[in-house]
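For reference, the structure discussed in these notes is given below.
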Amino acid sequence: MARQRRQLLVLGSGVVGFCGFGIFKAIHATSIALRGGTHEFNRLFDYLLWAIIHFAAAGLFMGMLPFQLWAGFRERHRTLHRKSGRVMFVVGVWISATGLFLPFAMPARPVSERIFMVTIALLFGFFLIQAVAAARKGDLVSHREWILRAVAGVSGAMLQRIMFPIFPIVSSVDGGRGFRMLQV
C-alpha cells in the first residue's frame with residue numbers, strides 16, 4: 001500500500017509539474033501576443049485573436065486538469081467536477097479549433113509539423129466529444145477512458161514543446177534545421 005501511494009504521489013507530482021509548465025508556456029505566449037507579438041514565431045501573431053484564444057484556453061485547461069484527474073477531489077466535489085468539466089470541454093473545443101487553424105496561419109511551417117498539429121487537434125477534439133457523450137450516457141468508465149485519451153493527446157502537444165528543442169541537438173538530425181517547432 002505504501003509503495004502504491006508513493007507511485008501515485010510521484011505520478012501526481014509529475015502531472016502537476018507538467019501542467020505548471022503548460023500554464024507557464026501559455027502565459028508566456030499570451031503575454032507576447034498581447035504585446036503585439038514578435039517576428040520570431042513565423043507570423044503566428046498576425047492572427048492575434050486566434051493565438052490569444054489558443055494559448056489562454058490551453059493555460060486554463062492545464063490549470064484545471066490536475067483537479068479533474070485527482071480522484072479524491074473529484075469524489076468530494078462532484079458538482080464542481082461536473083461544472084469545471086463543462087468549462088474544460090468548451091475550452092478544449094477552442095484549443096482544438098484554433099489548433100486546426102494555426103498551422104496554416106504560419107506559412108513557413110514544414111508540412112510534417114502541420115500534419116502533426118492537425119492530427120493532434122482533431123484527435124483531441126474527437127476524444128473530448130466522446131468523453132462528454134459517455135458521461136451524458138452515465139458510462140463513467142468509458143468517460144474516464146476517453147478523458148485519458150484526450151489528456152494524452154494534449155500532453156503530446158505539450159511534450160513536443162519540451163522535446164523538440166532537445167531532439168535535434170541530441171540526434172544531430174539535419175543539424176537542427178529540420179525540426180523547427182514553435183517554441184512559444
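Going through the C-alpha cells in order, the chains are called A, B, and so on, while each chain numbers its residues from 1 and the ligands are numbered from 1 in the order shown.
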message: Env of Met64 (chain A): 9 Å cut, atoms = only C-alpha atoms, seq-sep filter 4 positions within chain, self excluded. Answer as number ranges by chain.
response: A: 19, 59-60, 68, 84-85, 88
What does the file look like for those residues with C-alpha atoms, as a PDB file, in the first residue's frame?
```
ATOM      1  CA  CYS A  19       0.562  21.292 -16.063  1.00  0.00           C
ATOM      2  CA  GLY A  59      -3.478  27.695 -19.848  1.00  0.00           C
ATOM      3  CA  LEU A  60      -6.956  27.439 -18.338  1.00  0.00           C
ATOM      4  CA  GLN A  68     -10.218  16.826 -12.730  1.00  0.00           C
ATOM      5  CA  SER A  84     -15.458  22.513 -14.293  1.00  0.00           C
ATOM      6  CA  GLY A  85     -15.589  19.595 -16.735  1.00  0.00           C
ATOM      7  CA  MET A  88     -12.872  22.358 -19.774  1.00  0.00           C
TER       8      MET A  88
END
```
message: as number ranges by chain, please: every residue in chain A that a backbone DSSP assignment puts in helix (DSSP H, G or I).
response: A: 2-34, 39-41, 44-69, 71-76, 78-105, 111-136, 140-163, 167-171, 173-176
- request: List the neighbours of region 5-9 of chain A out to 12 Å using only C-alpha atoms; skip same-chain residues closer than 6 positions along the sequence, and give me the result as number ranges by chain.
  value: A: 15-17, 69-71
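Distance-wise, CA of Gly99 (chain A) and CA of Gly153 (chain A) end up 12.2 Å apart.
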task: Kindly give the distance, in Å, that separates CA of Ala2 (chain A) and CA of Gly14 (chain A), rounded to a single decimal.
output: 18.3 Å
- request: Write out as a ChimeraX atom specification each polymer residue whose atoms come within 10 Å of Ala135 (chain A), counting only C-alpha atoms; drop sequence neighbours fewer than 5 positions from it.
  value: /A:82,129-130,140-144,146
- request: Name the residues in contact with Ala57 (chain A) at a cut-off of 9 Å, using only C-alpha atoms, excluding same-chain residues fewer than 3 positions from it; report them as a PyMOL selection string.
  value: chain A and resi 26+52-54+60-62+88+91-92+94-95
How would the residues just chosen look if you wrote them out with N, CA and C atoms as a PDB file, in the first residue's frame?
```pdb
ATOM      1  N   ALA A  26       1.727  28.934 -21.665  1.00  0.00           N
ATOM      2  CA  ALA A  26       0.516  29.629 -22.120  1.00  0.00           C
ATOM      3  C   ALA A  26       0.541  31.101 -21.711  1.00  0.00           C
ATOM      4  N   ILE A  52      -4.276  34.256 -29.070  1.00  0.00           N
ATOM      5  CA  ILE A  52      -4.661  34.519 -27.683  1.00  0.00           C
ATOM      6  C   ILE A  52      -5.683  33.492 -27.209  1.00  0.00           C
ATOM      7  N   ILE A  53      -6.682  33.201 -28.032  1.00  0.00           N
ATOM      8  CA  ILE A  53      -7.686  32.197 -27.650  1.00  0.00           C
ATOM      9  C   ILE A  53      -7.008  30.853 -27.406  1.00  0.00           C
ATOM     10  N   HIS A  54      -6.120  30.465 -28.313  1.00  0.00           N
ATOM     11  CA  HIS A  54      -5.457  29.161 -28.203  1.00  0.00           C
ATOM     12  C   HIS A  54      -4.635  29.068 -26.913  1.00  0.00           C
ATOM     13  N   LEU A  60      -5.814  27.745 -19.203  1.00  0.00           N
ATOM     14  CA  LEU A  60      -6.956  27.439 -18.338  1.00  0.00           C
ATOM     15  C   LEU A  60      -7.165  25.928 -18.240  1.00  0.00           C
ATOM     16  N   PHE A  61      -7.088  25.246 -19.364  1.00  0.00           N
ATOM     17  CA  PHE A  61      -7.262  23.792 -19.394  1.00  0.00           C
ATOM     18  C   PHE A  61      -6.220  23.114 -18.499  1.00  0.00           C
ATOM     19  N   MET A  62      -4.956  23.515 -18.654  1.00  0.00           N
ATOM     20  CA  MET A  62      -3.890  22.896 -17.867  1.00  0.00           C
ATOM     21  C   MET A  62      -4.017  23.245 -16.383  1.00  0.00           C
ATOM     22  N   MET A  88     -14.023  22.945 -19.084  1.00  0.00           N
ATOM     23  CA  MET A  88     -12.872  22.358 -19.774  1.00  0.00           C
ATOM     24  C   MET A  88     -13.245  21.846 -21.161  1.00  0.00           C
ATOM     25  N   VAL A  91     -13.407  24.965 -23.384  1.00  0.00           N
ATOM     26  CA  VAL A  91     -12.043  25.431 -23.580  1.00  0.00           C
ATOM     27  C   VAL A  91     -11.286  24.452 -24.496  1.00  0.00           C
ATOM     28  N   GLY A  92     -11.511  23.167 -24.296  1.00  0.00           N
ATOM     29  CA  GLY A  92     -10.861  22.155 -25.139  1.00  0.00           C
ATOM     30  C   GLY A  92     -11.280  22.258 -26.598  1.00  0.00           C
ATOM     31  N   TRP A  94     -12.144  25.028 -28.034  1.00  0.00           N
ATOM     32  CA  TRP A  94     -11.417  26.213 -28.533  1.00  0.00           C
ATOM     33  C   TRP A  94      -9.975  25.840 -28.879  1.00  0.00           C
ATOM     34  N   ILE A  95      -9.334  25.068 -27.998  1.00  0.00           N
ATOM     35  CA  ILE A  95      -7.958  24.644 -28.252  1.00  0.00           C
ATOM     36  C   ILE A  95      -7.899  23.846 -29.548  1.00  0.00           C
TER      37      ILE A  95
END
```
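Interatomic distance, CA of Gly156 (chain A) to CA of Leu80 (chain A): 26.9 Å.
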